[in-house]
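Colleague: Here it is, the structure, as structure tokens.
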Amino acid sequence: MRIIDVHTHPVFFTKGRQKSELRKLVAHGKSHGVKRMIVLGDVLNYGGTPNEEQLRLINDETGGIQKMFPNYFVGFCYLNPNLGEKAVMEEVTRCVTNYGSKGIKLEIANSADEPCMRHIAKACREFNIPVLQHSWSNTNFRPGMDSHSDPDDTALFAQRNPDVNIIMAHLVGIGYRGVIAAKGLDNIYVDISGAFPEDGLIEYAVEHLGSDHVLYGTDIPIRQSAVKIGAVLGAKLTNADRQKIFFDNTAKLLNLN
């Protein structure tokens, strides 16, 4: 069984920075069949709306993790669309050039339906990379997260930009309503990261989106590998569908060998 984890935070609120800690995480992943981990950065360390300098610090840390374990960790470039086109394009260019970033990560700086998302779409097109958008149903979210992207917001961004590949994060967070919002949008992929598994939800996503559009992810350290691997193995799926979710879909989307 081969696995790519599309949603990890090896450093989370500054914890996990030491090489010994990263080495332990790599060993943990490999013991569970995880061949690669996608590093999304310590995205909440400076709050929900990081400035340009803070983004550079986060992305440099991600790049450093990649360089320590180049055959295991793959980095995404963390951005704040509110900073404008110039800042977005300069930082993603720096990330791709210096670190070979394979995608863009967005958190809660804004909602995915806002006009500033056009800067992200431009960056995705220019570098032919996807964007992973934190998404969670606004009918059930934590107070204070005003720019939390509802799955309807992320789906609207996908509709406006059909040539941009989008990973809608957190299947349990978006729920059945999120799956329906993504249905019929060929440029949306849903990752299963975060929260505890919910019986029948992975099967529902496969039924309505197709197994080609569901990606394995944990949200480490928030959820551990065994929890999410068990969710996929316990779901009523074919072995072929499981292999797509675990490995093939992410490998194809990110051009990973």
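Every chain in the structure tokens has a letter given in the order shown (A, B, ...), and although residue numbers restart at 1 in each chain, ligands are simply numbered from 1 in the order shown.
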I need the helix (DSSP H, G or I) residues of stretch 54-109 of chain A per DSSP on the backbone, written as a compact mmCIF listing (two decimals) with C-alpha atoms, in the first residue's frame.

Modeller:
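So part_17.txt came out as:
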```txt
# COMPACT_ATOMS: atom_id res chain seq x y z
CA GLN A 54 5.43 36.59 8.05
CA LEU A 55 4.53 34.66 4.91
CA ARG A 56 8.18 34.58 3.89
CA LEU A 57 9.16 33.21 7.29
CA ILE A 58 6.53 30.47 7.08
CA ASN A 59 7.43 29.55 3.50
CA ASP A 60 11.17 29.59 4.23
CA GLU A 61 10.52 27.16 7.07
CA THR A 62 8.57 24.91 4.71
CA GLY A 63 11.42 25.15 2.20
CA GLY A 64 13.93 24.23 4.88
CA ILE A 65 11.91 21.14 5.77
CA GLN A 66 11.91 20.11 2.12
CA LYS A 67 15.67 20.54 1.87
CA MET A 68 16.28 18.44 4.99
CA PRO A 81 -4.70 37.03 -1.22
CA ASN A 82 -5.60 40.29 0.55
CA LEU A 83 -2.04 41.54 0.08
CA GLU A 85 -1.48 40.81 -6.97
CA LYS A 86 2.11 42.05 -6.67
CA ALA A 87 2.69 40.45 -3.27
CA VAL A 88 1.00 37.20 -4.28
CA MET A 89 2.93 36.84 -7.53
CA GLU A 90 6.27 37.77 -5.96
CA GLU A 91 5.91 35.25 -3.15
CA VAL A 92 4.68 32.36 -5.27
CA THR A 93 7.47 33.04 -7.78
CA ARG A 94 9.98 32.96 -4.92
CA CYS A 95 8.53 29.71 -3.54
CA VAL A 96 8.50 27.94 -6.89
CA THR A 97 11.96 29.20 -7.89
CA ASN A 98 13.72 28.59 -4.57
CA TYR A 99 11.89 25.55 -3.26
```

Colleague: So that each row is one residue of stretch 181-222 of chain A with an atom at most 10 Å from stretch 128-140 of chain A, can you give its shortest atom pair and the distance in Å to one decimal, using only C-alpha atoms, rows by chain and rising number, as CSV?

Modeller:
```
residue,atom,partner,partner_atom,distance
A:Asn187,CA,A:Pro130,CA,9.4
A:Ile188,CA,A:Pro130,CA,9.7
A:Tyr189,CA,A:Leu132,CA,9.1
A:Val190,CA,A:Leu132,CA,9.3
A:Asp191,CA,A:Leu132,CA,9.1
```

Colleague: What lies within 10 Å of stretch 29-40 of chain A using only C-alpha atoms, ignoring chain neighbours under 5 positions off, as a ChimeraX atom specification?

Modeller: /A:1-11,23-24,58-59,62-63,65-66,70-78,101-107,132,217-220,224-226,229,246-247,250-251,254,256

Colleague: Taking only C-alpha atoms into account, name the residue in A:Gly194, A:Asp241, A:Lys252, A:Val227 that is nearest to A:Glu207.

Modeller: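 Nearest candidate to A:Glu207 out of A:Gly194, A:Asp241, A:Lys252, A:Val227: A:Asp241.
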
Colleague: Do you know which residues are at most 12 Å from A:Tyr204 counting only C-alpha atoms, after dropping those on the same chain fewer than 6 positions away, and could you put them as a PyMOL selection string?

Modeller: chain A and resi 171-172+175-180+183+190+198+210-211+214+235-237

Colleague: Which residues, written as JSON, numbers by chain, have at least one atom at most 9 Å from A:Asp163, with only C-alpha atoms counted and residues fewer than 4 positions away on the same chain left out?

Modeller: {"A": [121, 125, 158, 187]}

Colleague: Can you tell me how far atom CA of A:Ala240 sits from atom CA of A:Ile202, in Å to one decimal?

Modeller: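 We find that atom CA of A:Ala240 and atom CA of A:Ile202 lie 14.5 Å from each other.
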
Colleague: Quick one: DSSP strand (DSSP E or B) residues in stretch 25-96 of chain A, as a ChimeraX atom specification?

Modeller: /A:34-39,73-75,77-78

Colleague: Quick one: residues within 10 Å of A:Thr14, only C-alpha atoms, excluding same-chain residues fewer than 2 positions away - as a PyMOL selection string?

Modeller: chain A and resi 10-12+16-18+42+44-45

Colleague: Quick one: pull the distance between atom CA of A:Ile222 and atom CA of A:Phe196, Å, one decimal.

Modeller: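 Here the two named atoms are 9.8 Å from each other.
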
Colleague: Which one of A:Ala112, A:Val206, A:Ala182, A:Ala169 sits closest to A:Asp153 if you count only C-alpha atoms?

Modeller: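 Selected residue with least distance to A:Asp153: A:Ala112.
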
Colleague: Find the distance between atom CA of A:Asp248 and atom CA of A:Ala231 and write it in Å to one decimal.

Modeller: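 It comes out at 17.5 Å.
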
Colleague: Select, from A:His213, A:Ile192, A:Gly200, A:Ala27, the residue with the minimum atom-to-atom distance to A:Ile166, counting only C-alpha atoms.

Modeller: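 Checking each candidate against A:Ile166, we get A:His213 as the closest.
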
Colleague: Rank A:Asp199, A:Asp152, A:Glu114, A:Asp186 by their smallest atom-to-atom distance to A:Asn165, using only C-alpha atoms, and report the top residue only.

Modeller: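 Closest candidate: A:Asp186.
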